[in-house]
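Have a look at the structure below, then the notes.
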Amino acid sequence: MDNCVEKCAVDKVKIERIVKGLEEDRDIIMASEFLKSFSDSSRLKILLTLLTGGLCVCEICEAVGQSQPAVSHHLRQLRSQRIVDFRKEGRNTVYFLNDAHIEDIIRMTFDHIKE
């Protein structure tokens, strides 16, 4: 860092404006935790299955080829970040993406990597 400062003139006004525009540290930490939820391939596969609509745990297990305890564990983590939600339908619990933003994040991610 010292070498950079010695080699270029730092525009203090510009840096001040950038710093003022940064999100609060608390929000940055929350965003980091949120994005970590997408970093596990098993959770991402579960999220991809939920793009089709609501599914019960058994359907998710069948679609992703994982055990019920493993899927339930991932769903708990995704619920804690408000990425998925659930509703009771009789004796079944149906999981679904929490809102359209989540679907947008997933679709944009795959659009980006396929470019």
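Ordered as shown in the structure tokens, chains take letters A, B, and onward, while each chain numbers its residues from 1 and ligands are numbered from 1 in the order shown.
Close contacts of Leu44 (chain A), defined as residues with an atom at most 12 Å away when counting only C-alpha atoms, with chain neighbours fewer than 3 positions off set aside, comprise Leu35, Lys36, Ser37, Phe38, Ser39, Asp40, Ser41, Leu47, Leu48, Thr49, Leu50, Leu51, Val64, Val71, His74, Leu75, Gln77, Leu78, Ile83, Val84, Leu97, Ile102, Glu103, Ile105, Ile106, Arg107, Thr109 and Phe110 of chain A.
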Grab the residues selected above and save them as an mmCIF file, in the first residue's frame with N, CA, C and O atoms.
data_model
loop_
_atom_site.group_PDB
_atom_site.id
_atom_site.type_symbol
_atom_site.label_atom_id
_atom_site.label_comp_id
_atom_site.auth_asym_id
_atom_site.auth_seq_id
_atom_site.Cartn_x
_atom_site.Cartn_y
_atom_site.Cartn_z
ATOM 1 N N LEU A 35 -24.388 -14.207 1.069
ATOM 2 C CA LEU A 35 -23.746 -14.746 -0.128
ATOM 3 C C LEU A 35 -23.063 -16.081 0.122
ATOM 4 O O LEU A 35 -22.987 -16.924 -0.780
ATOM 5 N N LYS A 36 -22.601 -16.326 1.345
ATOM 6 C CA LYS A 36 -22.012 -17.626 1.688
ATOM 7 C C LYS A 36 -23.021 -18.748 1.504
ATOM 8 O O LYS A 36 -22.652 -19.876 1.188
ATOM 9 N N SER A 37 -24.293 -18.435 1.688
ATOM 10 C CA SER A 37 -25.331 -19.457 1.533
ATOM 11 C C SER A 37 -25.383 -19.998 0.108
ATOM 12 O O SER A 37 -25.789 -21.125 -0.119
ATOM 13 N N PHE A 38 -24.965 -19.199 -0.853
ATOM 14 C CA PHE A 38 -24.965 -19.617 -2.257
ATOM 15 C C PHE A 38 -23.676 -20.349 -2.629
ATOM 16 O O PHE A 38 -23.574 -20.885 -3.722
ATOM 17 N N SER A 39 -22.686 -20.336 -1.736
ATOM 18 C CA SER A 39 -21.371 -20.865 -2.090
ATOM 19 C C SER A 39 -21.258 -22.379 -1.951
ATOM 20 O O SER A 39 -20.296 -22.963 -2.418
ATOM 21 N N ASP A 40 -22.217 -23.019 -1.339
ATOM 22 C CA ASP A 40 -22.197 -24.469 -1.190
ATOM 23 C C ASP A 40 -22.944 -25.099 -2.365
ATOM 24 O O ASP A 40 -24.103 -24.752 -2.620
ATOM 25 N N SER A 41 -22.294 -26.018 -3.073
ATOM 26 C CA SER A 41 -22.904 -26.590 -4.280
ATOM 27 C C SER A 41 -24.191 -27.353 -3.969
ATOM 28 O O SER A 41 -25.123 -27.349 -4.787
ATOM 29 N N LEU A 47 -31.505 -24.832 -4.410
ATOM 30 C CA LEU A 47 -32.119 -23.582 -4.878
ATOM 31 C C LEU A 47 -32.534 -23.695 -6.339
ATOM 32 O O LEU A 47 -33.595 -23.212 -6.727
ATOM 33 N N LEU A 48 -31.717 -24.343 -7.140
ATOM 34 C CA LEU A 48 -32.069 -24.533 -8.552
ATOM 35 C C LEU A 48 -33.349 -25.355 -8.693
ATOM 36 O O LEU A 48 -34.177 -25.071 -9.564
ATOM 37 N N THR A 49 -33.525 -26.357 -7.839
ATOM 38 C CA THR A 49 -34.763 -27.148 -7.916
ATOM 39 C C THR A 49 -35.968 -26.302 -7.540
ATOM 40 O O THR A 49 -37.049 -26.485 -8.091
ATOM 41 N N LEU A 50 -35.767 -25.352 -6.627
ATOM 42 C CA LEU A 50 -36.877 -24.521 -6.174
ATOM 43 C C LEU A 50 -37.246 -23.423 -7.173
ATOM 44 O O LEU A 50 -38.275 -22.762 -7.008
ATOM 45 N N LEU A 51 -36.424 -23.251 -8.206
ATOM 46 C CA LEU A 51 -36.802 -22.319 -9.272
ATOM 47 C C LEU A 51 -38.074 -22.775 -9.973
ATOM 48 O O LEU A 51 -38.790 -21.966 -10.557
ATOM 49 N N VAL A 64 -32.249 -33.824 -5.967
ATOM 50 C CA VAL A 64 -30.822 -33.521 -5.786
ATOM 51 C C VAL A 64 -29.995 -34.742 -5.407
ATOM 52 O O VAL A 64 -28.764 -34.663 -5.361
ATOM 53 N N VAL A 71 -30.590 -32.591 3.290
ATOM 54 C CA VAL A 71 -31.426 -31.561 2.675
ATOM 55 C C VAL A 71 -32.053 -30.679 3.753
ATOM 56 O O VAL A 71 -32.062 -29.452 3.629
ATOM 57 N N HIS A 74 -29.521 -28.180 5.023
ATOM 58 C CA HIS A 74 -29.317 -27.080 4.084
ATOM 59 C C HIS A 74 -30.512 -26.134 4.077
ATOM 60 O O HIS A 74 -30.347 -24.909 4.017
ATOM 61 N N LEU A 75 -31.713 -26.676 4.135
ATOM 62 C CA LEU A 75 -32.916 -25.842 4.147
ATOM 63 C C LEU A 75 -32.956 -24.946 5.391
ATOM 64 O O LEU A 75 -33.362 -23.788 5.314
ATOM 65 N N GLN A 77 -30.359 -23.746 6.947
ATOM 66 C CA GLN A 77 -29.404 -22.668 6.708
ATOM 67 C C GLN A 77 -29.980 -21.633 5.745
ATOM 68 O O GLN A 77 -29.826 -20.432 5.950
ATOM 69 N N LEU A 78 -30.640 -22.110 4.703
ATOM 70 C CA LEU A 78 -31.236 -21.197 3.726
ATOM 71 C C LEU A 78 -32.384 -20.394 4.337
ATOM 72 O O LEU A 78 -32.559 -19.220 4.018
ATOM 73 N N ILE A 83 -33.603 -16.958 2.491
ATOM 74 C CA ILE A 83 -33.484 -17.282 1.071
ATOM 75 C C ILE A 83 -34.635 -18.181 0.652
ATOM 76 O O ILE A 83 -35.157 -18.054 -0.447
ATOM 77 N N VAL A 84 -35.027 -19.096 1.529
ATOM 78 C CA VAL A 84 -36.207 -19.922 1.291
ATOM 79 C C VAL A 84 -37.172 -19.745 2.452
ATOM 80 O O VAL A 84 -36.799 -19.318 3.536
ATOM 81 N N LEU A 97 -38.644 -20.474 -2.855
ATOM 82 C CA LEU A 97 -37.757 -19.313 -2.791
ATOM 83 C C LEU A 97 -38.513 -18.167 -2.137
ATOM 84 O O LEU A 97 -39.689 -17.948 -2.410
ATOM 85 N N ILE A 102 -34.248 -13.553 -5.055
ATOM 86 C CA ILE A 102 -33.445 -14.771 -4.956
ATOM 87 C C ILE A 102 -33.363 -15.439 -6.328
ATOM 88 O O ILE A 102 -32.287 -15.842 -6.771
ATOM 89 N N GLU A 103 -34.499 -15.536 -6.988
ATOM 90 C CA GLU A 103 -34.512 -16.119 -8.338
ATOM 91 C C GLU A 103 -33.620 -15.297 -9.270
ATOM 92 O O GLU A 103 -32.857 -15.862 -10.063
ATOM 93 N N ILE A 105 -30.974 -13.509 -8.500
ATOM 94 C CA ILE A 105 -29.571 -13.755 -8.149
ATOM 95 C C ILE A 105 -29.098 -15.061 -8.773
ATOM 96 O O ILE A 105 -28.018 -15.126 -9.366
ATOM 97 N N ILE A 106 -29.908 -16.101 -8.657
ATOM 98 C CA ILE A 106 -29.536 -17.409 -9.208
ATOM 99 C C ILE A 106 -29.431 -17.342 -10.725
ATOM 100 O O ILE A 106 -28.440 -17.784 -11.320
ATOM 101 N N ARG A 107 -30.430 -16.780 -11.360
ATOM 102 C CA ARG A 107 -30.431 -16.708 -12.837
ATOM 103 C C ARG A 107 -29.281 -15.835 -13.352
ATOM 104 O O ARG A 107 -28.613 -16.192 -14.317
ATOM 105 N N THR A 109 -26.443 -15.290 -11.879
ATOM 106 C CA THR A 109 -25.195 -16.020 -11.648
ATOM 107 C C THR A 109 -24.914 -16.973 -12.798
ATOM 108 O O THR A 109 -23.806 -16.996 -13.346
ATOM 109 N N PHE A 110 -25.921 -17.744 -13.192
ATOM 110 C CA PHE A 110 -25.707 -18.707 -14.263
ATOM 111 C C PHE A 110 -25.602 -18.026 -15.622
ATOM 112 O O PHE A 110 -24.843 -18.493 -16.484
#
Which polymer residues have any atom within 8 Å of an atom of Phe86 (chain A), counting only C-alpha atoms, with same-chain residues fewer than 6 positions away left out, as a list in words?
Thr93, Val94, Tyr95 and Phe96 of chain A
Quick one: everything within 12 Å of Glu89 (chain A), counting only C-alpha atoms, minus sequence neighbours fewer than 6 positions away in the same chain. Send it as a PyMOL selection string.
chain A and resi 54-56+95
Determine which residues of region 6-55 of chain A receive a DSSP assignment of helix (DSSP H, G or I), computed from the backbone, and state them as number ranges by chain.
A: 6-7, 12-21, 25-36, 41-50
What does the distance between CA of Asp104 (chain A) and CA of Thr52 (chain A) come to in Å, to one decimal place?
13.3 Å
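Our summary of the geometry notes that CA of Gln68 (chain A) is positioned 28.0 Å from CA of Met30 (chain A).
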Among chain A, which ones does DSSP place in strand (DSSP E), written as a ChimeraX atom specification?
/A:55-56,84-89,92-97
May I have the residues from that selection written out with N, CA, C and O atoms, as a compact mmCIF listing (two decimals), in the first residue's frame?
# COMPACT_ATOMS: atom_id res chain seq x y z
N LEU A 55 -41.62 -27.21 -3.38
CA LEU A 55 -41.40 -28.66 -3.30
C LEU A 55 -41.32 -29.09 -1.84
O LEU A 55 -40.84 -28.33 -0.99
N CYS A 56 -41.79 -30.30 -1.57
CA CYS A 56 -41.61 -30.83 -0.22
C CYS A 56 -40.20 -31.43 -0.11
O CYS A 56 -39.52 -31.63 -1.12
N VAL A 84 -35.03 -19.10 1.53
CA VAL A 84 -36.21 -19.92 1.29
C VAL A 84 -37.17 -19.74 2.45
O VAL A 84 -36.80 -19.32 3.54
N ASP A 85 -38.42 -20.08 2.18
CA ASP A 85 -39.45 -20.06 3.21
C ASP A 85 -40.27 -21.33 3.03
O ASP A 85 -40.01 -22.11 2.11
N PHE A 86 -41.21 -21.55 3.90
CA PHE A 86 -42.03 -22.76 3.79
C PHE A 86 -43.46 -22.46 4.20
O PHE A 86 -43.75 -21.46 4.84
N ARG A 87 -44.33 -23.38 3.79
CA ARG A 87 -45.72 -23.33 4.23
C ARG A 87 -46.16 -24.77 4.44
O ARG A 87 -45.65 -25.70 3.80
N LYS A 88 -47.10 -24.95 5.32
CA LYS A 88 -47.66 -26.27 5.58
C LYS A 88 -48.81 -26.52 4.61
O LYS A 88 -49.65 -25.64 4.42
N GLU A 89 -48.79 -27.67 4.01
CA GLU A 89 -49.90 -28.12 3.15
C GLU A 89 -50.31 -29.50 3.65
O GLU A 89 -49.71 -30.50 3.28
N ASN A 92 -47.61 -32.11 4.80
CA ASN A 92 -46.35 -31.79 4.13
C ASN A 92 -45.91 -30.36 4.41
O ASN A 92 -46.74 -29.47 4.60
N THR A 93 -44.61 -30.16 4.37
CA THR A 93 -44.02 -28.83 4.42
C THR A 93 -43.45 -28.56 3.05
O THR A 93 -42.61 -29.31 2.56
N VAL A 94 -43.92 -27.49 2.43
CA VAL A 94 -43.48 -27.13 1.08
C VAL A 94 -42.53 -25.95 1.18
O VAL A 94 -42.84 -24.93 1.79
N TYR A 95 -41.36 -26.10 0.57
CA TYR A 95 -40.34 -25.06 0.57
C TYR A 95 -40.36 -24.34 -0.76
O TYR A 95 -40.61 -24.93 -1.80
N PHE A 96 -40.06 -23.04 -0.72
CA PHE A 96 -40.05 -22.23 -1.93
C PHE A 96 -39.07 -21.07 -1.74
O PHE A 96 -38.69 -20.75 -0.61
N LEU A 97 -38.64 -20.47 -2.85
CA LEU A 97 -37.76 -19.31 -2.79
C LEU A 97 -38.51 -18.17 -2.14
O LEU A 97 -39.69 -17.95 -2.41
